[in-house]
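Trainee: Provided herewith is a single structure, encoded as structure tokens, for subsequent inquiry.
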Amino acid sequence: MSHLLLIAFDGADAIQGARFAQALDLPFDIIQLTGEAVTDLGARRVLTFGLPSLPPADFLAHALKDLVNESTHIAAVSAMRSKDVLPRLAGLLDAPMVTDVLKIVSKDTFVRPMLAGSVLATVQVSGSPILMTVRPAGFPEAVRSGSSEVVHTKPQFAGTTRRVSASAKQGGRPDLSQAGVVVSGGRPLKDADTFERLIGGLADHLGGAAGATRAAVDSGIASNELQVGQTGKVVAPNLYLACGISGSTQHMAGIKDSKVIVAINTDGDAPIFEIADLGLVMDLYEAIPQLMEKMPKA
Amino acid sequence: MKVLVPIKRVPDPYAKVKPLADGSGLDLSGIKFDINPFDEIAVEEAVRMKERDASVSIVAVSIGGAETEEQLRKALAMGADEAILIETTDALDPRAIAAELAALVNDLQPDVVLMGKQATDEDNNQVGQRLAAKLGWPQATFASKVSPAEGNVTVERETDDGGETLLLKTPCLITTDLRLNEPRYIALPGIIKARSKPLSKRERATSLEPQVKTLNLEAPPARAGGRKVGSVDELVDALKEMGVIA
């Protein structure tokens, strides 16, 4: 009997992952690693680890391996943490894996992006279980009803990696690849302080993440981890606000899965306007303060 | 200390690559190839380790056709001591690649495997973690700083929430992220000069068939361009109408 095991890192992750789980239309269990069990997602059981924090990948993959049992599919929402652990689990199980599933064609055939999303590949998988990281945005929101059985599980960890320290993200902004709103800036931001004040300020106002072009990163205006595009992060927010960004191929490859793209640029002929849903030809120094005033604060 | 750096030959990540009209593959006519940028960062990091500690030796390895020699020559020009080409035209999936690399690791016994977090063509982000699992080694993915010491490596890495520092006993596997370093520029004469460095060829040591097969490639639906608005007020109203903001 086919069944799916959804690996959720916390409650919010379970709710996102359930979009895919419900769309796949197989009976499913959830392993929720941290936080209080979410029990109304239609899972048969929710296994909770009740961890205060996540252990390193070698420990986690080892513990998960023992809980896979008869699962024919194992999925987790695409994120750095799942990309750290799931391929390792796939390695331990010597099983096939599909990264960043966007669409379900059948129980063994899926659509995924390649080349930072500029090509969509339909892939067919033989072998079992099939491991997957999935991008939930393309699946309908999970129906919330019923009540799953909760099973408190004591994981059997084994590994050698030692975590020396962990640090929270500056300013506590959401992760770029997960954020619902992304505000990005390009070279017209001039310097790091201006970038932080305007792009960071508007991102905070909207409860979103700040992003940057490669040009802005290369000229030291924004730090490396903010780079959006082919060699940086691929984003898919509900709202992408491109401020002072002309729209290089490499940048646009990383943003085109956004639901709504807004471009603000002084050059009305900039390529970004070709893909933007809404374009505003205006100086960002004029537009951003107005946006802070007129857009509702998150 | 021996560092093994697996590299992949990929289409120029800054070129616009499209699928063939029949969906059977990529249209690579006129496209240049390079080392996968994340693997190039791995080569650079290994070379910097060697520059700090002369006892470091670097072996670059790639799996692919004869043309992959070009990328291995570049790795040698950057400072790798030796290159190995596992020559094959088979289409391999990450599981098969990891098995191939595991066989090589068992043969060469490196202390550290340093490689890109993902290749910019297939974007799988699997091989490093799979290889670490197969070898039973600790792993640190998305590395932004690598500090080797006697018998261990300290790695700063990016996480969804910020960052963390891991201590790994060697042998261990590290995958590189963009922040780790900026690779040196190698001009063509440098690559030609590296011709005197050893490059050997091997056949595949395993025979795994791919379990993930590509049936079709297509371009994503083009985004229909939208419209321009005349003011911030109009923009805010339009966003409200679209239900993007409350």
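Lettering and numbering for the structure tokens are positional, with chains as A, B, ... in the shown order, residues counted from 1 in each chain, and ligands counted from 1 in the shown order.
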Tell me which protein, DNA and RNA residues are within 7 Å of Asp58 in chain A, counting only C-alpha atoms, leaving out same-chain ones fewer than 4 positions away, and put them as a list of chain:residue names.
Mentor: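 Everything that qualifies: A:His62, A:Gly159, B:Pro138.
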Trainee: Taking 3 positions as the minimum chain separation for residues in the same chain, which residues sit within 10 Å of Ile63 in chain B when counting only C-alpha atoms? Answer as JSON, numbers by chain.
Mentor: {"B": [6, 7, 8, 9, 66, 68, 69, 84, 85, 86, 87, 88, 89, 90, 92, 97, 100, 101, 201, 202, 203, 204]}
Trainee: My list of candidates is B:Ala187, B:Ala194, B:Ala54, B:Ala91. Which is closest to Gly25 in chain B when distances are computed with only C-alpha atoms?
Mentor: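 Distance minimum relative to Gly25 in chain B lands on B:Ala91.
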Trainee: Just the alpha helix (DSSP H) stuff from range 72-162 of chain B, please, per backbone DSSP, written as a ChimeraX atom specification.
Mentor: /B:72-78,94-108,127-135
Trainee: Identify, on the basis of only C-alpha atoms, every residue whose closest approach to Val43 in chain B does not exceed 9 Å; exclude the query and any residue fewer than 3 positions from it along the same chain; express the result as a PyMOL selection string.
Mentor: chain B and resi 5-7+38-40+46-48+58+60+75+78-80+114-115+183
Trainee: Write the residues of the preceding selection, restricted to N, CA, C and O atoms, as a PDB file, in the first residue's frame.
Mentor:
```pdb
ATOM      1  N   VAL B   5      38.216  17.242  -4.568  1.00  0.00           N
ATOM      2  CA  VAL B   5      37.220  18.219  -5.014  1.00  0.00           C
ATOM      3  C   VAL B   5      36.520  17.711  -6.277  1.00  0.00           C
ATOM      4  O   VAL B   5      37.070  17.781  -7.368  1.00  0.00           O
ATOM      5  N   PRO B   6      35.302  17.184  -6.131  1.00  0.00           N
ATOM      6  CA  PRO B   6      34.538  16.793  -7.313  1.00  0.00           C
ATOM      7  C   PRO B   6      33.981  18.042  -8.013  1.00  0.00           C
ATOM      8  O   PRO B   6      33.457  18.938  -7.362  1.00  0.00           O
ATOM      9  N   ILE B   7      34.136  18.094  -9.328  1.00  0.00           N
ATOM     10  CA  ILE B   7      33.623  19.253 -10.072  1.00  0.00           C
ATOM     11  C   ILE B   7      32.744  18.771 -11.219  1.00  0.00           C
ATOM     12  O   ILE B   7      32.884  17.658 -11.697  1.00  0.00           O
ATOM     13  N   PHE B  38      29.695  26.728  -7.968  1.00  0.00           N
ATOM     14  CA  PHE B  38      29.864  26.314  -6.571  1.00  0.00           C
ATOM     15  C   PHE B  38      31.055  25.360  -6.421  1.00  0.00           C
ATOM     16  O   PHE B  38      31.730  25.358  -5.396  1.00  0.00           O
ATOM     17  N   ASP B  39      31.301  24.550  -7.457  1.00  0.00           N
ATOM     18  CA  ASP B  39      32.485  23.673  -7.438  1.00  0.00           C
ATOM     19  C   ASP B  39      33.762  24.493  -7.587  1.00  0.00           C
ATOM     20  O   ASP B  39      34.806  24.159  -7.022  1.00  0.00           O
ATOM     21  N   GLU B  40      33.678  25.566  -8.365  1.00  0.00           N
ATOM     22  CA  GLU B  40      34.843  26.440  -8.540  1.00  0.00           C
ATOM     23  C   GLU B  40      35.207  27.077  -7.196  1.00  0.00           C
ATOM     24  O   GLU B  40      36.375  27.235  -6.853  1.00  0.00           O
ATOM     25  N   ALA B  46      40.041  24.951  -1.530  1.00  0.00           N
ATOM     26  CA  ALA B  46      41.101  23.958  -1.358  1.00  0.00           C
ATOM     27  C   ALA B  46      42.466  24.578  -1.647  1.00  0.00           C
ATOM     28  O   ALA B  46      43.444  24.325  -0.926  1.00  0.00           O
ATOM     29  N   VAL B  47      42.521  25.413  -2.685  1.00  0.00           N
ATOM     30  CA  VAL B  47      43.800  26.055  -3.036  1.00  0.00           C
ATOM     31  C   VAL B  47      44.242  27.008  -1.912  1.00  0.00           C
ATOM     32  O   VAL B  47      45.417  27.072  -1.554  1.00  0.00           O
ATOM     33  N   ARG B  48      43.283  27.717  -1.337  1.00  0.00           N
ATOM     34  CA  ARG B  48      43.635  28.607  -0.214  1.00  0.00           C
ATOM     35  C   ARG B  48      44.131  27.793   0.976  1.00  0.00           C
ATOM     36  O   ARG B  48      45.036  28.224   1.705  1.00  0.00           O
ATOM     37  N   ILE B  58      45.707  18.417  -3.387  1.00  0.00           N
ATOM     38  CA  ILE B  58      44.356  18.566  -3.930  1.00  0.00           C
ATOM     39  C   ILE B  58      44.167  17.686  -5.159  1.00  0.00           C
ATOM     40  O   ILE B  58      44.935  17.789  -6.122  1.00  0.00           O
ATOM     41  N   ALA B  60      41.357  16.947  -8.024  1.00  0.00           N
ATOM     42  CA  ALA B  60      40.064  17.324  -8.622  1.00  0.00           C
ATOM     43  C   ALA B  60      39.566  16.135  -9.422  1.00  0.00           C
ATOM     44  O   ALA B  60      40.334  15.464 -10.101  1.00  0.00           O
ATOM     45  N   ALA B  75      40.801  23.497 -13.174  1.00  0.00           N
ATOM     46  CA  ALA B  75      41.014  23.241 -11.747  1.00  0.00           C
ATOM     47  C   ALA B  75      42.507  23.096 -11.450  1.00  0.00           C
ATOM     48  O   ALA B  75      43.009  23.594 -10.431  1.00  0.00           O
ATOM     49  N   MET B  78      44.057  26.444 -11.448  1.00  0.00           N
ATOM     50  CA  MET B  78      43.755  27.189 -10.225  1.00  0.00           C
ATOM     51  C   MET B  78      44.650  26.759  -9.070  1.00  0.00           C
ATOM     52  O   MET B  78      44.841  27.511  -8.116  1.00  0.00           O
ATOM     53  N   GLY B  79      45.189  25.519  -9.152  1.00  0.00           N
ATOM     54  CA  GLY B  79      46.106  25.091  -8.097  1.00  0.00           C
ATOM     55  C   GLY B  79      45.936  23.658  -7.632  1.00  0.00           C
ATOM     56  O   GLY B  79      46.647  23.217  -6.717  1.00  0.00           O
ATOM     57  N   ALA B  80      45.003  22.911  -8.223  1.00  0.00           N
ATOM     58  CA  ALA B  80      44.895  21.489  -7.877  1.00  0.00           C
ATOM     59  C   ALA B  80      46.163  20.777  -8.320  1.00  0.00           C
ATOM     60  O   ALA B  80      46.808  21.186  -9.288  1.00  0.00           O
ATOM     61  N   LEU B 114      35.464  18.300  -0.631  1.00  0.00           N
ATOM     62  CA  LEU B 114      34.955  19.674  -0.679  1.00  0.00           C
ATOM     63  C   LEU B 114      34.311  19.857  -2.048  1.00  0.00           C
ATOM     64  O   LEU B 114      34.956  19.669  -3.073  1.00  0.00           O
ATOM     65  N   MET B 115      33.032  20.196  -2.083  1.00  0.00           N
ATOM     66  CA  MET B 115      32.342  20.303  -3.377  1.00  0.00           C
ATOM     67  C   MET B 115      31.210  21.322  -3.324  1.00  0.00           C
ATOM     68  O   MET B 115      30.803  21.744  -2.247  1.00  0.00           O
ATOM     69  N   PRO B 183      36.391  32.986  -6.330  1.00  0.00           N
ATOM     70  CA  PRO B 183      37.472  32.279  -7.013  1.00  0.00           C
ATOM     71  C   PRO B 183      38.378  33.218  -7.821  1.00  0.00           C
ATOM     72  O   PRO B 183      37.909  34.216  -8.364  1.00  0.00           O
TER      73      PRO B 183
END
```
Trainee: Using only C-alpha atoms, which of the listed residues (A:Gly201, A:Pro96, A:Pro129, A:Gly207) sits closest to Leu4 in chain A?
Mentor: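 Of A:Gly201, A:Pro96, A:Pro129, A:Gly207, the one nearest Leu4 in chain A is A:Pro129, counting only C-alpha atoms.
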Trainee: Which residue out of A:Lys297, A:Lys103, A:His205, A:Arg81 has the minimum interatomic distance to chain B when only C-alpha atoms are used?
Mentor: A:Arg81
Trainee: Find the residues of chain B in contact range of chain A, meaning any atom within 6 Å when counting only C-alpha atoms, and list them as a ChimeraX atom specification.
Mentor: /B:120-124,126,129-130,133-134,138,160-168,179,211-220,223,225-229
Trainee: How would you write, as a PyMOL selection string, the set of residues in range 1-180 of chain B that DSSP gives as strand (DSSP E or B)?
Mentor: chain B and resi 2-7+9-11+18-19+26-27+33-35+57-64+82-87+112-116+139-149+152-158+162-169+172-176
Trainee: Using C-alpha atoms, can you export the residues from the last selection as an mmCIF file, in the first residue's frame?
Mentor:
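Result file again_29.cif:
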```
data_model
loop_
_atom_site.group_PDB
_atom_site.id
_atom_site.type_symbol
_atom_site.label_atom_id
_atom_site.label_comp_id
_atom_site.auth_asym_id
_atom_site.auth_seq_id
_atom_site.Cartn_x
_atom_site.Cartn_y
_atom_site.Cartn_z
ATOM 1 C CA LYS B 2 44.374 15.290 1.135
ATOM 2 C CA VAL B 3 41.394 17.192 -0.255
ATOM 3 C CA LEU B 4 39.206 15.702 -2.982
ATOM 4 C CA VAL B 5 37.220 18.219 -5.014
ATOM 5 C CA PRO B 6 34.538 16.793 -7.313
ATOM 6 C CA ILE B 7 33.623 19.253 -10.072
ATOM 7 C CA ARG B 9 31.040 20.694 -16.281
ATOM 8 C CA VAL B 10 27.932 22.858 -16.718
ATOM 9 C CA PRO B 11 26.587 25.264 -19.350
ATOM 10 C CA LYS B 18 16.516 26.870 -23.485
ATOM 11 C CA PRO B 19 15.051 23.412 -24.005
ATOM 12 C CA LEU B 26 18.745 21.407 -23.833
ATOM 13 C CA ASP B 27 19.632 23.559 -26.806
ATOM 14 C CA PHE B 33 30.801 25.478 -20.625
ATOM 15 C CA ASP B 34 32.515 26.107 -17.340
ATOM 16 C CA ILE B 35 33.131 24.548 -13.941
ATOM 17 C CA SER B 57 47.302 18.082 -1.624
ATOM 18 C CA ILE B 58 44.356 18.566 -3.930
ATOM 19 C CA VAL B 59 42.786 16.057 -6.293
ATOM 20 C CA ALA B 60 40.064 17.324 -8.622
ATOM 21 C CA VAL B 61 37.713 14.746 -10.080
ATOM 22 C CA SER B 62 34.950 14.918 -12.626
ATOM 23 C CA ILE B 63 32.570 12.439 -14.217
ATOM 24 C CA GLY B 64 31.747 13.026 -17.854
ATOM 25 C CA GLU B 82 46.172 16.210 -9.809
ATOM 26 C CA ALA B 83 43.016 15.541 -11.779
ATOM 27 C CA ILE B 84 40.999 12.412 -12.441
ATOM 28 C CA LEU B 85 38.393 12.029 -15.149
ATOM 29 C CA ILE B 86 35.903 9.213 -14.708
ATOM 30 C CA GLU B 87 35.119 8.983 -18.368
ATOM 31 C CA VAL B 112 38.127 16.076 3.238
ATOM 32 C CA VAL B 113 35.749 16.091 0.271
ATOM 33 C CA LEU B 114 34.955 19.674 -0.679
ATOM 34 C CA MET B 115 32.342 20.303 -3.377
ATOM 35 C CA GLY B 116 29.638 22.673 -4.553
ATOM 36 C CA GLN B 139 28.731 16.658 6.631
ATOM 37 C CA ALA B 140 28.454 20.427 6.588
ATOM 38 C CA THR B 141 26.398 21.835 3.725
ATOM 39 C CA PHE B 142 26.130 25.494 2.634
ATOM 40 C CA ALA B 143 29.564 26.355 4.086
ATOM 41 C CA SER B 144 30.441 30.040 4.358
ATOM 42 C CA LYS B 145 33.740 29.570 6.235
ATOM 43 C CA VAL B 146 36.029 26.553 6.480
ATOM 44 C CA SER B 147 38.814 26.326 9.070
ATOM 45 C CA PRO B 148 40.809 23.095 9.053
ATOM 46 C CA ALA B 149 42.831 21.986 12.096
ATOM 47 C CA ASN B 152 38.965 18.235 12.463
ATOM 48 C CA VAL B 153 37.423 21.075 10.469
ATOM 49 C CA THR B 154 35.339 23.934 11.830
ATOM 50 C CA VAL B 155 32.677 25.054 9.384
ATOM 51 C CA GLU B 156 30.454 28.081 9.545
ATOM 52 C CA ARG B 157 27.336 27.460 7.530
ATOM 53 C CA GLU B 158 24.160 29.193 6.508
ATOM 54 C CA GLY B 162 20.774 32.497 10.278
ATOM 55 C CA GLY B 163 23.955 30.547 10.738
ATOM 56 C CA GLU B 164 25.726 27.967 12.830
ATOM 57 C CA THR B 165 29.210 26.669 13.466
ATOM 58 C CA LEU B 166 29.856 22.932 13.273
ATOM 59 C CA LEU B 167 32.905 20.963 14.339
ATOM 60 C CA LEU B 168 33.501 17.942 12.110
ATOM 61 C CA LYS B 169 36.039 15.221 12.711
ATOM 62 C CA CYS B 172 34.351 14.773 6.491
ATOM 63 C CA LEU B 173 32.417 16.265 3.602
ATOM 64 C CA ILE B 174 31.738 19.963 3.063
ATOM 65 C CA THR B 175 29.556 21.624 0.422
ATOM 66 C CA THR B 176 30.192 25.240 -0.472
#
```
Trainee: What separation in Å, quoted to one decimal, exists between CA of Lys154 in chain A and CA of Ala14 in chain A?
Mentor: 19.1 Å
Trainee: Might you pull out every residue within 8 Å of range 20-32 of chain A, with only C-alpha atoms counted and same-chain residues fewer than 6 positions away left off, and present them as a PyMOL selection string?
Mentor: chain A and resi 2-11+14+42-50+104+107+134+136+139-140+142
Trainee: Those residues with C-alpha atoms, as a PDB file, in the first residue's frame please?
Mentor:
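Result saved to part20.pdb:
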```
ATOM      1  CA  SER A   2       1.410   3.321  -1.017  1.00  0.00           C
ATOM      2  CA  HIS A   3       1.796   5.847   1.705  1.00  0.00           C
ATOM      3  CA  LEU A   4       3.557   9.124   2.266  1.00  0.00           C
ATOM      4  CA  LEU A   5       5.695  10.209   5.175  1.00  0.00           C
ATOM      5  CA  LEU A   6       5.821  13.982   5.501  1.00  0.00           C
ATOM      6  CA  ILE A   7       8.785  15.257   7.454  1.00  0.00           C
ATOM      7  CA  ALA A   8       7.948  18.609   9.054  1.00  0.00           C
ATOM      8  CA  PHE A   9      10.524  20.636  10.913  1.00  0.00           C
ATOM      9  CA  ASP A  10       7.898  22.532  12.916  1.00  0.00           C
ATOM     10  CA  GLY A  11       4.150  23.197  12.955  1.00  0.00           C
ATOM     11  CA  ALA A  14       3.637  20.776   8.568  1.00  0.00           C
ATOM     12  CA  GLY A  42      -5.641  14.889   7.461  1.00  0.00           C
ATOM     13  CA  ALA A  43      -2.683  12.741   8.512  1.00  0.00           C
ATOM     14  CA  ARG A  44      -3.376   9.323   9.992  1.00  0.00           C
ATOM     15  CA  ARG A  45      -0.789   9.924  12.693  1.00  0.00           C
ATOM     16  CA  VAL A  46       1.515  12.713  13.765  1.00  0.00           C
ATOM     17  CA  LEU A  47       4.758  11.439  15.263  1.00  0.00           C
ATOM     18  CA  THR A  48       6.345  14.121  17.398  1.00  0.00           C
ATOM     19  CA  PHE A  49       9.985  14.223  18.401  1.00  0.00           C
ATOM     20  CA  GLY A  50       9.416  17.148  20.747  1.00  0.00           C
ATOM     21  CA  ILE A 104       2.504  16.111  -9.482  1.00  0.00           C
ATOM     22  CA  LYS A 107       2.520   9.001  -8.190  1.00  0.00           C
ATOM     23  CA  VAL A 134       8.586  20.090  -2.508  1.00  0.00           C
ATOM     24  CA  PRO A 136       4.264  24.111  -1.581  1.00  0.00           C
ATOM     25  CA  PHE A 139      -0.474  23.405  -4.395  1.00  0.00           C
ATOM     26  CA  PRO A 140      -3.803  24.533  -2.892  1.00  0.00           C
ATOM     27  CA  ALA A 142      -4.320  22.449   3.047  1.00  0.00           C
TER      28      ALA A 142
END
```
Trainee: Can you work out the spacing between CA of Asn106 in chain B and CA of Gly151 in chain B in Å, to one decimal?
Mentor: 18.5 Å
Trainee: To one decimal in Å, tell me the separation between CA of Leu28 in chain B and CA of Ser78 in chain A.
Mentor: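 According to the coordinates, CA of Leu28 in chain B and CA of Ser78 in chain A are separated by 28.7 Å.
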Trainee: So, with only C-alpha atoms as the atoms that count, which of B:Val244, B:Ala15, B:Ala77, B:Ala99 lies closest to Ile31 in chain B?
Mentor: B:Ala15
Trainee: Restricting the calculation to only C-alpha atoms, which member of A:Met292, A:Ala63, A:Ala236, A:Met252 is positioned closest to Ala222 in chain B?
Mentor: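 Checking each of A:Met292, A:Ala63, A:Ala236, A:Met252 against Ala222 in chain B, counting only C-alpha atoms, the winner is A:Met252.
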Trainee: Write out as JSON, numbers by chain each polymer residue whose atoms come within 6 Å of Leu131 in chain A, counting only C-alpha atoms; drop sequence neighbours fewer than 5 positions from it.
Mentor: {"A": [73, 74, 75, 97]}
Trainee: Save out the residues we just selected, C-alpha atoms, as a PDB file, in the first residue's frame.
Mentor:
```pdb
ATOM      1  CA  HIS A  73       7.050   8.439  -0.611  1.00  0.00           C
ATOM      2  CA  ILE A  74       8.960  10.690   1.789  1.00  0.00           C
ATOM      3  CA  ALA A  75       8.607  14.442   1.413  1.00  0.00           C
ATOM      4  CA  MET A  97      15.156  11.602  -4.756  1.00  0.00           C
TER       5      MET A  97
END
```
